[in-house]
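Trainee: Would you mind keeping the following structure in view while I ask a few things?
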Amino acid sequence: MTWVTVGVLVLGALAGAGIVAITTGRLPPLGRDRVLRPRLWGYGALVSAVGLGVFLFLGPFHGPDLRMAPYALSGTAVFLVGSALQMAARRPGRPVTPPAS
């Protein structure tokens with residue numbers, strides 16, 4: 001199995017989880033209890049998958065072509081935007097309350 005195949009499988013799983021979260025509101029079991037807005041998490045997962053795909057297939061998997069570097073870096077920026085959307089979908093942190101004395 002080549003790295004390209006692994007990349008396609010990972011991107012497909014991430015995009016699939018995003019599409020399922022957008023359409024049905026269901027999430028994968030890992031971290032399900034922390035997500036408050038599943039549809040926003042799904043949009044973040046889908047944007048992250050697109051950004052990671054652009055980065056991988058125009059960057060490391062494309063070869064040492066320096067003309068593709070701006071596109072690969074823009075894929076990284078899109079991936080970070082998707083990750084920020086996924087973090088925004090999580091439950092807000094609760095302040096630590098001191099024990100009652």
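Naming scheme: A, B, ... for chains in displayed order of the structure tokens; residues 1 onward per chain; ligands 1 onward as shown.
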Neighbours of A:Ala21 within 10 Å (only C-alpha atoms; same-chain residues fewer than 6 positions away dropped), as a PDB file with N, CA and C atoms, in the first residue's frame?

Mentor:
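Output below, filename selection.pdb:
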ATOM      1  N   ALA A  15     -13.824  13.102   5.187  1.00  0.00           N
ATOM      2  CA  ALA A  15     -14.909  13.727   4.427  1.00  0.00           C
ATOM      3  C   ALA A  15     -16.228  12.980   4.650  1.00  0.00           C
ATOM      4  N   LEU A  27     -22.200  11.825  14.962  1.00  0.00           N
ATOM      5  CA  LEU A  27     -20.750  11.957  14.983  1.00  0.00           C
ATOM      6  C   LEU A  27     -20.099  10.603  15.212  1.00  0.00           C
ATOM      7  N   PRO A  28     -18.811  10.488  14.862  1.00  0.00           N
ATOM      8  CA  PRO A  28     -18.086   9.271  15.217  1.00  0.00           C
ATOM      9  C   PRO A  28     -17.989   9.162  16.739  1.00  0.00           C
ATOM     10  N   ARG A  37     -22.252  21.197  18.707  1.00  0.00           N
ATOM     11  CA  ARG A  37     -22.888  21.485  17.421  1.00  0.00           C
ATOM     12  C   ARG A  37     -22.333  20.541  16.350  1.00  0.00           C
ATOM     13  N   PRO A  38     -22.992  19.402  16.135  1.00  0.00           N
ATOM     14  CA  PRO A  38     -22.439  18.398  15.214  1.00  0.00           C
ATOM     15  C   PRO A  38     -22.404  18.848  13.750  1.00  0.00           C
ATOM     16  N   ARG A  39     -23.346  19.662  13.316  1.00  0.00           N
ATOM     17  CA  ARG A  39     -23.323  20.097  11.916  1.00  0.00           C
ATOM     18  C   ARG A  39     -22.137  21.028  11.657  1.00  0.00           C
ATOM     19  N   LEU A  40     -21.851  21.917  12.587  1.00  0.00           N
ATOM     20  CA  LEU A  40     -20.675  22.780  12.446  1.00  0.00           C
ATOM     21  C   LEU A  40     -19.403  21.938  12.452  1.00  0.00           C
ATOM     22  N   TRP A  41     -19.371  20.905  13.288  1.00  0.00           N
ATOM     23  CA  TRP A  41     -18.221  19.996  13.298  1.00  0.00           C
ATOM     24  C   TRP A  41     -18.084  19.312  11.934  1.00  0.00           C
ATOM     25  N   GLY A  42     -19.200  18.938  11.339  1.00  0.00           N
ATOM     26  CA  GLY A  42     -19.171  18.296  10.027  1.00  0.00           C
ATOM     27  C   GLY A  42     -18.639  19.215   8.942  1.00  0.00           C
ATOM     28  N   TYR A  43     -19.066  20.500   8.973  1.00  0.00           N
ATOM     29  CA  TYR A  43     -18.529  21.452   8.005  1.00  0.00           C
ATOM     30  C   TYR A  43     -17.029  21.632   8.217  1.00  0.00           C
ATOM     31  N   ALA A  45     -14.961  19.388   9.431  1.00  0.00           N
ATOM     32  CA  ALA A  45     -14.301  18.172   8.956  1.00  0.00           C
ATOM     33  C   ALA A  45     -14.201  18.162   7.436  1.00  0.00           C
ATOM     34  N   LEU A  46     -15.255  18.619   6.769  1.00  0.00           N
ATOM     35  CA  LEU A  46     -15.234  18.651   5.312  1.00  0.00           C
ATOM     36  C   LEU A  46     -14.222  19.673   4.796  1.00  0.00           C
TER      37      LEU A  46
END

Trainee: Excluding same-chain residues fewer than 6 positions from A:Gly31, what lies within 12 Å of it counting only C-alpha atoms, as a PyMOL selection string?

Mentor: chain A and resi 38+41+86-87+89-91

Trainee: Just C-alpha atoms for this one: save the residues we selected as a CSV table (one decimal), in the first residue's frame.

Mentor:
chain,number,residue,atom,x,y,z
A,38,PRO,CA,-22.4,18.4,15.2
A,41,TRP,CA,-18.2,20.0,13.3
A,86,GLN,CA,-14.2,21.9,14.5
A,87,MET,CA,-12.9,23.5,17.7
A,89,ALA,CA,-18.2,23.2,17.5
A,90,ARG,CA,-17.0,21.8,20.9
A,91,ARG,CA,-18.5,22.5,24.2

Trainee: Taking only stretch 11-44 of chain A into account, list the residues labelled helix (DSSP H, G or I) by DSSP (computed from the backbone), as JSON, numbers by chain.

Mentor: {"A": [11, 12, 13, 14, 15, 16, 17, 18, 19, 20, 21, 22, 23, 24, 32, 33, 34, 38, 39, 40, 41, 42, 43, 44]}

Trainee: I'd like the neighbourhood of A:Leu58 as a PyMOL selection string, where a residue qualifies if any of its atoms comes within 10 Å (using only C-alpha atoms), though same-chain residues fewer than 3 positions away should be ignored.

Mentor: chain A and resi 52-55+61-65+67-73+75

Trainee: To one decimal in Å, tell me the separation between atom CA of A:Ser74 and atom CA of A:Gly51.

Mentor: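 Computing it gives 7.7 Å between the two atoms.
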
Trainee: One number please: atom CA of A:Ala77 to atom CA of A:Ile22, in Å, one decimal.

Mentor: 22.0 Å
